[in-house]
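Asker: File follows, protein18.cif with mmCIF, C-alpha atoms:
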```cif
data_start
#
loop_
_atom_site.label_atom_id
_atom_site.label_comp_id
_atom_site.auth_asym_id
_atom_site.auth_seq_id
_atom_site.Cartn_x
_atom_site.Cartn_y
_atom_site.Cartn_z
CA MET A 291 154.96 87.46 76.51
CA THR A 292 156.39 85.43 79.38
CA ASP A 293 154.62 83.30 81.97
CA ALA A 294 155.40 86.08 84.45
CA ASP A 295 153.48 88.52 82.25
CA LEU A 296 150.46 86.21 82.21
CA THR A 297 150.37 85.81 85.99
CA SER A 298 151.13 89.45 86.84
CA ASP A 299 148.49 91.57 88.54
CA LYS A 300 149.16 94.32 85.98
CA LEU A 301 148.58 94.32 82.22
CA PRO A 302 151.48 95.13 79.89
CA ALA A 303 152.03 98.90 79.81
CA ASP A 304 152.26 99.16 76.02
CA PRO A 305 150.82 102.63 75.09
CA ALA A 306 150.01 101.44 71.61
CA ARG A 307 147.76 98.70 72.94
CA VAL A 308 146.10 100.41 75.92
CA ALA A 309 142.93 102.38 75.10
CA PRO A 310 142.52 105.80 76.78
CA GLU A 311 140.35 105.75 79.90
CA THR A 312 136.75 106.84 79.32
CA ASP A 313 135.15 108.83 82.13
CA LEU A 314 131.60 107.59 82.40
CA MET A 315 130.73 110.72 84.38
CA SER A 316 131.67 113.09 81.56
CA LYS A 317 128.17 112.89 80.11
CA PHE A 318 126.98 114.93 83.11
CA ASP A 319 129.35 117.86 82.55
CA ALA A 320 126.70 120.14 81.09
CA LEU A 321 124.33 119.37 83.96
CA ILE A 322 127.04 120.03 86.54
CA ALA A 323 127.95 123.31 84.88
CA GLU A 324 124.33 124.43 84.76
CA ARG A 325 123.84 123.73 88.45
CA GLN A 326 127.08 125.46 89.38
CA ALA A 327 126.10 128.53 87.36
CA LEU A 328 122.85 128.66 89.32
CA ILE A 329 124.64 128.42 92.67
CA ASP A 330 127.20 131.04 91.58
CA THR A 331 124.40 133.61 91.34
CA GLY A 332 124.20 133.45 95.13
CA VAL A 333 120.87 131.66 95.48
CA THR A 334 120.27 128.70 97.76
CA ASP A 335 120.45 125.43 95.85
CA PRO A 336 116.72 124.66 95.40
CA PHE A 337 117.45 120.94 94.99
CA ALA A 338 119.47 120.54 98.20
CA ILE A 339 117.17 121.92 100.89
CA VAL A 340 117.75 120.48 104.37
CA MET A 341 114.96 120.35 106.95
CA GLU A 342 116.91 121.02 110.15
CA GLN A 343 113.82 120.52 112.27
CA VAL A 344 110.22 119.64 111.41
CA LYS A 345 107.82 121.13 113.93
CA SER A 346 104.50 120.05 112.40
CA PRO A 347 103.00 119.06 109.04
CA THR A 348 103.09 122.75 108.04
CA GLU A 349 106.22 124.20 109.70
CA ALA A 350 109.95 123.45 109.70
CA VAL A 351 113.27 125.10 110.36
CA ILE A 352 115.28 125.73 107.19
CA LYS A 353 118.63 127.55 107.32
CA GLY A 354 117.90 128.38 110.94
CA LYS A 355 114.59 130.08 110.16
CA ASN A 356 111.00 129.10 110.96
CA THR A 357 109.43 128.30 107.60
CA ILE A 358 105.90 127.52 106.41
CA LEU A 359 105.92 124.31 104.39
CA LEU A 360 103.95 124.65 101.16
CA GLY A 361 106.05 122.25 99.13
CA THR A 362 105.40 118.82 100.62
CA TYR A 363 102.81 116.21 99.69
CA ASN A 364 101.57 115.87 103.25
CA TYR A 365 98.05 116.59 101.99
CA MET A 366 96.15 115.25 104.98
CA GLY A 367 98.75 116.17 107.61
CA MET A 368 99.09 112.64 109.00
CA THR A 369 102.84 112.75 109.75
CA PHE A 370 102.34 114.04 113.29
CA ASP A 371 99.06 112.29 114.11
CA PRO A 372 99.53 110.86 117.66
CA ASP A 373 97.88 107.51 116.84
CA VAL A 374 100.02 107.08 113.72
CA ILE A 375 103.22 107.85 115.60
CA GLN A 376 102.31 105.49 118.44
CA ALA A 377 101.57 102.65 116.00
CA GLY A 378 105.06 103.05 114.56
CA LYS A 379 106.70 103.10 118.00
CA ASP A 380 104.85 99.96 119.08
CA ALA A 381 105.87 98.07 115.95
CA LEU A 382 109.47 99.21 116.34
CA ASP A 383 109.53 97.84 119.90
CA GLN A 384 107.89 94.53 118.94
CA PHE A 385 109.57 93.73 115.61
CA GLY A 386 112.77 95.76 115.48
CA SER A 387 114.04 98.17 112.85
CA GLY A 388 113.82 96.10 109.66
CA THR A 389 112.79 92.90 107.94
CA ASN A 390 116.10 91.81 106.35
CA GLY A 391 114.31 90.13 103.49
CA SER A 392 111.82 90.31 100.65
CA ARG A 393 108.11 89.69 100.94
CA MET A 394 108.58 86.38 99.11
CA LEU A 395 110.94 85.04 101.78
CA ASN A 396 111.15 86.23 105.39
CA GLY A 397 109.98 89.82 104.86
CA THR A 398 106.26 89.52 105.58
CA PHE A 399 105.41 90.54 109.15
CA ARG A 400 102.10 90.99 110.90
CA ASP A 401 101.85 94.65 109.94
CA HIS A 402 102.38 93.99 106.24
CA MET A 403 99.23 91.88 106.37
CA GLU A 404 97.50 94.60 108.42
CA VAL A 405 98.22 97.40 105.95
CA GLU A 406 97.04 95.31 103.01
CA GLU A 407 93.85 94.57 104.90
CA ALA A 408 93.46 98.30 105.64
CA LEU A 409 93.85 99.04 101.92
CA ARG A 410 91.24 96.44 100.93
CA ASP A 411 88.85 97.96 103.44
CA PHE A 412 89.58 101.57 102.39
CA TYR A 413 89.15 100.89 98.66
CA GLY A 414 86.49 98.20 98.91
CA THR A 415 88.56 95.78 96.83
CA THR A 416 89.36 92.10 97.13
CA GLY A 417 93.08 92.50 96.48
CA ALA A 418 95.92 94.71 97.73
CA ILE A 419 99.67 94.45 97.26
CA VAL A 420 102.19 96.73 99.00
CA PHE A 421 105.48 97.79 97.40
CA SER A 422 108.48 99.52 98.95
CA THR A 423 107.69 102.87 97.24
CA GLY A 424 105.08 104.36 94.93
CA TYR A 425 107.72 104.43 92.21
CA MET A 426 108.21 100.68 92.63
CA ALA A 427 104.45 100.13 92.46
CA ASN A 428 104.24 101.69 89.00
CA LEU A 429 107.49 100.09 87.91
CA GLY A 430 106.26 96.67 88.99
CA MET A 431 102.63 96.77 87.92
CA ILE A 432 103.14 98.22 84.43
CA SER A 433 106.12 96.04 83.52
CA THR A 434 104.36 92.92 84.79
CA LEU A 435 100.85 93.49 83.41
CA ALA A 436 101.83 94.25 79.81
CA GLY A 437 104.27 91.92 78.08
CA LYS A 438 105.73 91.22 74.67
CA GLY A 439 103.21 91.66 71.87
CA GLU A 440 100.96 93.78 74.10
CA TYR A 441 100.59 97.55 74.45
CA VAL A 442 100.81 100.24 77.13
CA ILE A 443 98.96 103.42 76.19
CA LEU A 444 99.85 106.40 78.36
CA ASP A 445 99.31 110.14 78.67
CA ALA A 446 102.27 112.11 77.30
CA ASP A 447 102.58 113.99 80.61
CA SER A 448 102.75 110.84 82.72
CA HIS A 449 104.98 110.66 85.80
CA ALA A 450 108.55 109.38 85.46
CA SER A 451 107.67 106.20 87.36
CA ILE A 452 105.07 105.35 84.70
CA TYR A 453 107.56 105.89 81.88
CA ASP A 454 110.15 103.81 83.73
CA GLY A 455 107.59 101.05 84.24
CA CYS A 456 107.18 100.99 80.47
CA LYS A 457 110.96 100.80 79.93
CA GLN A 458 111.24 97.93 82.43
CA GLY A 459 108.83 95.77 80.45
CA TYR A 460 108.60 94.43 76.91
CA ALA A 461 105.30 95.89 75.73
CA GLU A 462 104.96 98.37 72.89
CA ILE A 463 104.49 101.94 74.12
CA VAL A 464 101.92 104.36 72.66
CA ARG A 465 101.54 107.94 73.93
CA PHE A 466 98.52 110.19 73.49
CA ARG A 467 98.16 113.95 73.92
CA HIS A 468 97.72 115.11 77.52
CA ASN A 469 94.15 114.68 78.74
CA SER A 470 92.84 114.23 75.17
CA VAL A 471 89.99 111.70 75.08
CA GLU A 472 89.83 112.08 71.30
CA ASP A 473 93.52 111.26 70.80
CA LEU A 474 93.29 108.28 73.14
CA ASP A 475 90.34 106.95 71.13
CA LYS A 476 92.19 107.45 67.85
CA ARG A 477 95.38 105.72 68.97
CA LEU A 478 93.56 102.78 70.53
CA GLY A 479 91.65 102.36 67.29
CA ARG A 480 94.89 101.87 65.36
CA LEU A 481 96.07 98.95 67.50
CA PRO A 482 95.39 95.28 66.73
CA LYS A 483 92.04 94.30 68.24
CA GLU A 484 93.30 90.95 69.49
CA ALA A 485 96.33 92.37 71.33
CA GLY A 486 96.35 92.96 75.10
CA LYS A 487 96.23 96.65 76.02
CA LEU A 488 96.75 98.59 79.25
CA VAL A 489 95.74 102.26 79.40
CA VAL A 490 97.65 104.05 82.18
CA LEU A 491 96.13 107.26 83.56
CA GLU A 492 96.65 109.61 86.51
CA GLY A 493 93.88 111.14 88.58
CA VAL A 494 95.85 114.32 89.33
CA TYR A 495 98.92 115.40 87.37
CA SER A 496 101.53 116.51 89.86
CA MET A 497 103.12 119.48 88.10
CA LEU A 498 100.14 121.65 87.15
CA GLY A 499 97.62 120.06 89.50
CA ASP A 500 95.12 119.38 86.71
CA ILE A 501 92.81 116.37 86.83
CA ALA A 502 92.14 113.82 84.12
CA PRO A 503 88.76 113.25 82.45
CA LEU A 504 88.93 109.69 83.77
CA LYS A 505 85.29 108.79 83.19
CA GLU A 506 85.46 109.49 79.45
CA MET A 507 88.89 107.88 79.12
CA VAL A 508 87.89 104.68 80.90
CA ASP A 509 84.80 104.44 78.69
CA VAL A 510 86.99 104.78 75.58
CA ALA A 511 89.43 102.17 76.87
CA LYS A 512 86.65 99.68 77.50
CA LYS A 513 85.23 100.32 74.02
CA HIS A 514 88.54 99.12 72.57
CA GLY A 515 88.89 96.15 74.93
CA ALA A 516 91.70 97.69 76.99
CA MET A 517 92.26 97.33 80.72
CA THR A 518 92.87 100.47 82.80
CA LEU A 519 95.26 101.48 85.57
CA SER A 520 94.83 104.77 87.40
CA ASP A 521 97.61 106.30 89.50
CA GLU A 522 95.82 108.10 92.35
CA ALA A 523 98.95 109.20 94.24
CA HIS A 524 97.93 112.87 94.32
CA SER A 525 94.22 112.35 94.97
CA MET A 526 94.02 109.63 97.63
CA GLY A 527 92.56 110.88 100.87
CA PHE A 528 90.50 113.82 99.66
CA PHE A 529 88.82 113.11 96.29
CA GLY A 530 85.50 111.28 96.33
CA PRO A 531 83.07 110.57 99.19
CA ASN A 532 85.45 108.02 100.73
CA GLY A 533 88.69 109.75 99.76
CA ARG A 534 89.67 107.02 97.31
CA GLY A 535 90.66 109.33 94.48
CA VAL A 536 89.54 110.96 91.25
CA TYR A 537 88.28 107.66 89.86
CA GLU A 538 85.79 107.46 92.75
CA ASP A 539 84.87 111.13 92.42
CA GLN A 540 84.04 110.62 88.73
CA GLY A 541 82.40 107.22 89.19
CA CYS A 542 84.89 105.20 87.13
CA ASP A 543 85.30 101.43 87.06
CA VAL A 544 89.07 100.94 86.66
CA ASP A 545 90.88 97.60 86.78
CA PHE A 546 93.92 98.61 88.84
CA ILE A 547 94.55 101.52 91.23
CA VAL A 548 98.11 102.47 92.13
CA GLY A 549 98.95 104.77 95.01
CA THR A 550 101.59 105.77 97.50
CA PHE A 551 101.99 106.16 101.24
CA SER A 552 104.29 109.19 100.80
CA LYS A 553 101.49 111.66 100.12
CA SER A 554 98.23 111.66 102.11
CA VAL A 555 99.16 108.61 104.20
CA GLY A 556 102.19 110.45 105.57
CA THR A 557 104.91 107.78 105.47
CA VAL A 558 106.62 105.82 102.66
CA GLY A 559 105.60 102.89 100.48
CA GLY A 560 103.45 102.11 97.47
CA PHE A 561 100.55 99.83 96.60
CA CYS A 562 98.16 98.53 94.02
CA VAL A 563 94.57 97.43 94.69
CA SER A 564 92.22 95.56 92.39
CA ASN A 565 89.13 93.37 92.21
CA HIS A 566 90.58 91.18 89.47
CA PRO A 567 90.17 87.50 90.49
CA LYS A 568 93.74 86.65 89.42
CA PHE A 569 95.36 89.67 91.07
CA GLU A 570 97.39 87.65 93.60
CA ALA A 571 99.40 86.19 90.72
CA ILE A 572 101.24 89.52 90.54
CA ARG A 573 103.18 88.52 93.67
CA LEU A 574 104.63 85.54 91.79
CA ALA A 575 105.67 87.40 88.65
CA CYS A 576 106.52 91.00 89.58
CA ARG A 577 110.29 91.49 89.81
CA PRO A 578 110.21 94.85 91.69
CA TYR A 579 108.06 93.10 94.32
CA ILE A 580 110.04 89.86 94.50
CA PHE A 581 113.60 91.14 94.40
CA THR A 582 113.57 93.98 96.92
CA ALA A 583 113.50 94.19 100.70
CA SER A 584 110.13 94.71 102.33
CA LEU A 585 109.26 97.85 104.28
CA PRO A 586 110.21 98.00 107.98
CA PRO A 587 107.35 96.97 110.30
CA SER A 588 107.26 100.43 111.90
CA VAL A 589 106.57 101.99 108.49
CA VAL A 590 103.71 99.69 107.51
CA ALA A 591 102.23 99.98 111.00
CA THR A 592 102.04 103.77 110.65
CA ALA A 593 100.55 103.36 107.17
CA ALA A 594 97.85 100.96 108.37
CA MET A 595 96.81 103.30 111.18
CA SER A 596 96.81 106.34 108.89
CA ILE A 597 94.71 104.64 106.20
CA ARG A 598 92.12 103.54 108.75
CA LYS A 599 91.86 107.11 110.05
CA LEU A 600 91.68 108.60 106.54
CA LYS A 601 88.53 106.59 105.88
CA HIS A 602 86.69 108.82 108.37
CA ALA A 603 88.62 112.09 107.85
CA HIS A 604 85.68 114.02 106.40
CA ASN A 605 86.49 117.27 108.24
CA LYS A 606 90.10 117.14 107.08
CA ARG A 607 88.98 116.64 103.49
CA GLN A 608 86.65 119.62 103.72
CA HIS A 609 89.30 121.90 105.20
CA LEU A 610 91.89 120.90 102.59
CA TRP A 611 89.49 121.95 99.82
CA GLU A 612 88.81 125.21 101.64
CA ASN A 613 92.55 125.87 101.74
CA ALA A 614 92.89 125.09 98.02
CA ARG A 615 90.12 127.51 97.11
CA HIS A 616 91.55 130.18 99.43
CA LEU A 617 95.08 130.02 97.98
CA HIS A 618 94.03 129.64 94.34
CA GLY A 619 91.56 132.51 94.60
CA GLY A 620 94.03 134.78 96.39
CA LEU A 621 96.86 134.17 93.90
CA THR A 622 94.48 134.70 90.97
CA LYS A 623 93.32 138.01 92.46
CA LEU A 624 96.96 139.13 92.83
CA GLY A 625 97.48 138.56 89.11
CA PHE A 626 99.58 135.38 89.03
CA LYS A 627 99.29 132.96 86.14
CA LEU A 628 98.27 129.55 87.55
CA GLY A 629 98.36 126.03 86.15
CA THR A 630 94.59 125.61 86.36
CA GLU A 631 91.69 128.04 85.98
CA LYS A 632 90.07 126.79 89.17
CA PRO A 633 91.25 124.87 92.26
CA ASP A 634 91.10 121.38 90.74
CA SER A 635 93.30 119.75 93.39
CA ALA A 636 95.54 120.42 96.39
CA ILE A 637 98.32 121.46 93.99
CA VAL A 638 98.48 125.11 92.91
CA ALA A 639 101.14 125.81 90.28
CA VAL A 640 102.38 129.39 89.77
CA ILE A 641 103.73 129.79 86.22
CA LEU A 642 106.74 132.09 85.74
CA ASN A 643 108.29 133.57 82.60
CA ASP A 644 111.65 131.80 82.71
CA GLN A 645 114.15 130.04 84.96
CA GLU A 646 115.74 133.30 86.12
CA GLN A 647 112.43 134.67 87.36
CA ALA A 648 111.43 131.32 88.90
CA VAL A 649 114.69 131.09 90.85
CA ALA A 650 114.47 134.71 92.03
CA MET A 651 110.88 134.27 93.15
CA TRP A 652 111.65 130.98 94.91
CA GLN A 653 114.58 132.55 96.76
CA ALA A 654 112.52 135.58 97.79
CA LEU A 655 109.82 133.32 99.22
CA LEU A 656 112.37 131.20 101.11
CA ASP A 657 113.99 134.32 102.56
CA SER A 658 110.57 135.47 103.79
CA GLY A 659 109.90 132.11 105.48
CA LEU A 660 108.01 130.08 102.88
CA TYR A 661 109.14 126.86 101.18
CA VAL A 662 107.61 125.83 97.84
CA ASN A 663 108.90 123.57 95.07
CA MET A 664 110.67 125.04 92.07
CA ALA A 665 110.12 122.91 88.98
CA ARG A 666 111.55 123.11 85.48
CA PRO A 667 111.91 120.94 82.37
CA PRO A 668 112.13 118.00 81.96
CA ALA A 669 109.93 117.54 85.04
CA THR A 670 107.53 120.13 83.63
CA PRO A 671 106.06 120.50 80.12
CA ALA A 672 108.56 121.97 77.64
CA GLY A 673 109.45 125.58 78.35
CA THR A 674 107.46 125.74 81.59
CA TYR A 675 109.00 127.08 84.81
CA LEU A 676 106.83 127.08 87.90
CA LEU A 677 106.57 127.19 91.65
CA ARG A 678 104.44 124.34 92.93
CA CYS A 679 102.40 124.78 96.08
CA SER A 680 101.05 121.67 97.82
CA LEU A 681 98.39 122.37 100.39
CA CYS A 682 97.80 120.49 103.63
CA ALA A 683 94.64 119.96 105.64
CA GLU A 684 96.58 121.28 108.65
CA HIS A 685 97.33 124.69 107.12
CA THR A 686 95.38 127.32 109.02
CA THR A 687 93.50 130.20 107.42
CA GLU A 688 95.99 132.56 109.05
CA GLN A 689 98.90 130.69 107.45
CA ILE A 690 97.31 130.92 103.99
CA ASP A 691 96.81 134.65 104.49
CA ARG A 692 100.51 134.98 105.39
CA VAL A 693 101.46 132.93 102.33
CA LEU A 694 99.47 135.25 100.07
CA GLY A 695 101.27 138.24 101.58
CA MET A 696 104.64 136.62 100.91
CA PHE A 697 103.67 135.84 97.31
CA GLU A 698 102.54 139.42 96.74
CA ALA A 699 105.82 140.87 98.01
CA ALA A 700 108.00 138.39 96.13
CA GLY A 701 105.91 138.72 92.97
CA ARG A 702 106.29 142.49 92.89
CA ALA A 703 110.00 142.33 93.68
CA THR A 704 110.64 139.93 90.76
CA HIS A 705 108.13 141.59 88.38
CA ALA A 706 106.06 138.40 88.23
CA ILE A 707 103.04 140.61 88.95
CA ALA A 708 102.54 144.34 88.44
#
```
Can you present the structure in this file as structure tokens?
Answerer:
Amino acid sequence: MTDADLTSDKLPADPARVAPETDLMSKFDALIAERQALIDTGVTDPFAIVMEQVKSPTEAVIKGKNTILLGTYNYMGMTFDPDVIQAGKDALDQFGSGTNGSRMLNGTFRDHMEVEEALRDFYGTTGAIVFSTGYMANLGMISTLAGKGEYVILDADSHASIYDGCKQGYAEIVRFRHNSVEDLDKRLGRLPKEAGKLVVLEGVYSMLGDIAPLKEMVDVAKKHGAMTLSDEAHSMGFFGPNGRGVYEDQGCDVDFIVGTFSKSVGTVGGFCVSNHPKFEAIRLACRPYIFTASLPPSVVATAAMSIRKLKHAHNKRQHLWENARHLHGGLTKLGFKLGTEKPDSAIVAVILNDQEQAVAMWQALLDSGLYVNMARPPATPAGTYLLRCSLCAEHTTEQIDRVLGMFEAAGRATHAIA
């Protein structure tokens, strides 16, 4: 090899010495083919819906058609609240469009302090830390709290962000059967007594809408010397006398509460609150908090205003539960198989026989002017295909009646009901 070869921009083109190129994207071929086969049937791609216009918390224009929204997490309907919108506009005018930095450097503005104060007031805690998303909150808290030689014990049906928080850290991972207090007790009993343990729970599980027996689980965790973290993303705003979540509704004393702004609060962001006296140390050790840009001031301003209003939103809470009972009862009467026997939460899951029926039913509902979520494995338990309905406090009784009519027609057309 000459000096020219060594300084050339190109490597020697010797076929015997050059390995064939490996396409890193080839591992997704089966997934691409499956999606294409679905689209080739003529249905709308259920995972590429575009909201062309959003008219209110409960209505949008999709494919040029006015559509009732029953597949968002806008539980308390705060996205169009005039005070919330005005708070965001004011912050945008005063502080601009972004922070251009992390919270640890130049990314803490007035409204970041305001929203953390609003969270402390809403939850009655001494500490609150805001993350850029709810996903980042779980990723950061779980990976930071439990380290090498310690254990994270989690429900087998936990959200992806909880599993990813476990992968991000160095703790040992132990799963227990979904909502089984007995299995949690058994698995905790097998762990070393002296080791640090964090039991991660969810107030409401987002696929089926079922709630956890938090009270019994927290009692079991404490018996084994474990700390507890409850993800209340799908219960904040309408569970418990103050809307704090399932843990409040069941009277639990948990160590850490994780939540999100993208559900009942009506914007984007995540948080953790706690009364632990050393809680502020998380800011100094949590990589997903330290090494990411902070939320724009307009976003945290809307969140702060929304949280303050949610504290007194008793009528909204009551109407949301009325809507849940109305829809759940109506679908049950029509003969649909649902994820829960009673309206446990604002999520009502309609279980279908297979993917073909789920897609056909979803398309029929969209064509009639109703948007719901279609969910399938691995997001759902193995072999489960469902349509997930997420109710809003702003849905009217008349809208729910129309929804039930649409479900009846689509259900009969797809043989989901007789």
Asker: So what do you get for atom CA of Asp335 of chain A versus atom CA of Val693 of chain A, distance-wise?
Answerer: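 Computing it gives 21.4 Å between the two atoms.
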Asker: Here's the selection I'm unsure about, the PyMOL selection byres ((chain A and resi 522) around 8); applied to the file above, which residues does it give, as a list in words?
Answerer: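 Going through the file, the PyMOL selection byres ((chain A and resi 522) around 8) ends up selecting Glu492, Gly493, Val494, Ser520, Asp521, Ala523, His524, Ser525, Met526, Arg534, Gly535, Val536, Tyr537, Ile547, Val548 and Gly549 of chain A.
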Asker: Would you kindly translate the PyMOL selection byres ((chain A and resi 401-407) around 9) into the concrete residues it picks from this file, as an MDAnalysis selection string?
Answerer: chainID A and resid 381 393 397:400 408:412 417:420 561 563 584:595 597
Asker: Put those residues in a file: C-alpha atoms, as a compact mmCIF listing (two decimals), in the coordinates of the input.
Answerer:
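For reference, out_18.txt as written:
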```txt
# COMPACT_ATOMS: atom_id res chain seq x y z
CA ALA A 381 105.87 98.07 115.95
CA ARG A 393 108.11 89.69 100.94
CA GLY A 397 109.98 89.82 104.86
CA THR A 398 106.26 89.52 105.58
CA PHE A 399 105.41 90.54 109.15
CA ARG A 400 102.10 90.99 110.90
CA ALA A 408 93.46 98.30 105.64
CA LEU A 409 93.85 99.04 101.92
CA ARG A 410 91.24 96.44 100.93
CA ASP A 411 88.85 97.96 103.44
CA PHE A 412 89.58 101.57 102.39
CA GLY A 417 93.08 92.50 96.48
CA ALA A 418 95.92 94.71 97.73
CA ILE A 419 99.67 94.45 97.26
CA VAL A 420 102.19 96.73 99.00
CA PHE A 561 100.55 99.83 96.60
CA VAL A 563 94.57 97.43 94.69
CA SER A 584 110.13 94.71 102.33
CA LEU A 585 109.26 97.85 104.28
CA PRO A 586 110.21 98.00 107.98
CA PRO A 587 107.35 96.97 110.30
CA SER A 588 107.26 100.43 111.90
CA VAL A 589 106.57 101.99 108.49
CA VAL A 590 103.71 99.69 107.51
CA ALA A 591 102.23 99.98 111.00
CA THR A 592 102.04 103.77 110.65
CA ALA A 593 100.55 103.36 107.17
CA ALA A 594 97.85 100.96 108.37
CA MET A 595 96.81 103.30 111.18
CA ILE A 597 94.71 104.64 106.20
```
Asker: Near Val638 of chain A, counting all atoms listed in the file, which residues have an atom at most 9 Å away, once you skip same-chain residues fewer than 5 positions from it, shown as a PDB file with C-alpha atoms, in the coordinates of the input?
Answerer:
```
ATOM      1  CA  MET A 497     103.120 119.480  88.100  1.00  0.00           C
ATOM      2  CA  LEU A 498     100.140 121.650  87.150  1.00  0.00           C
ATOM      3  CA  GLY A 499      97.620 120.060  89.500  1.00  0.00           C
ATOM      4  CA  ALA A 614      92.890 125.090  98.020  1.00  0.00           C
ATOM      5  CA  LEU A 617      95.080 130.020  97.980  1.00  0.00           C
ATOM      6  CA  HIS A 618      94.030 129.640  94.340  1.00  0.00           C
ATOM      7  CA  LEU A 628      98.270 129.550  87.550  1.00  0.00           C
ATOM      8  CA  GLY A 629      98.360 126.030  86.150  1.00  0.00           C
ATOM      9  CA  THR A 630      94.590 125.610  86.360  1.00  0.00           C
ATOM     10  CA  PRO A 633      91.250 124.870  92.260  1.00  0.00           C
ATOM     11  CA  LEU A 677     106.570 127.190  91.650  1.00  0.00           C
ATOM     12  CA  ARG A 678     104.440 124.340  92.930  1.00  0.00           C
ATOM     13  CA  CYS A 679     102.400 124.780  96.080  1.00  0.00           C
ATOM     14  CA  SER A 680     101.050 121.670  97.820  1.00  0.00           C
ATOM     15  CA  LEU A 681      98.390 122.370 100.390  1.00  0.00           C
TER      16      LEU A 681
END
```
Asker: For the file shown, what are the residues hit by the PyMOL selection byres ((chain A and resi 669) around 10), laid out as a ChimeraX atom specification?
Answerer: /A:447,449-450,496-497,665-668,670-672,674-675
Asker: Go through A:Gly439, A:Gly559, A:Gly367, A:Gly701 and flag the residue nearest Val649 of chain A, using all atoms listed in the file for the distances.
Answerer: A:Gly701
Asker: Using all atoms of segment 499-508 of chain A that appear in the file, construct an axis-aligned enclosing box with 5 Å of padding on every side and provide its centre coordinates and edge lengths in Å, rounded to one decimal, as AutoDock Vina command-line options.
Answerer:
```
--center_x 91.5 --center_y 112.4 --center_z 84.3 --size_x 22.3 --size_y 25.4 --size_z 20.4
```
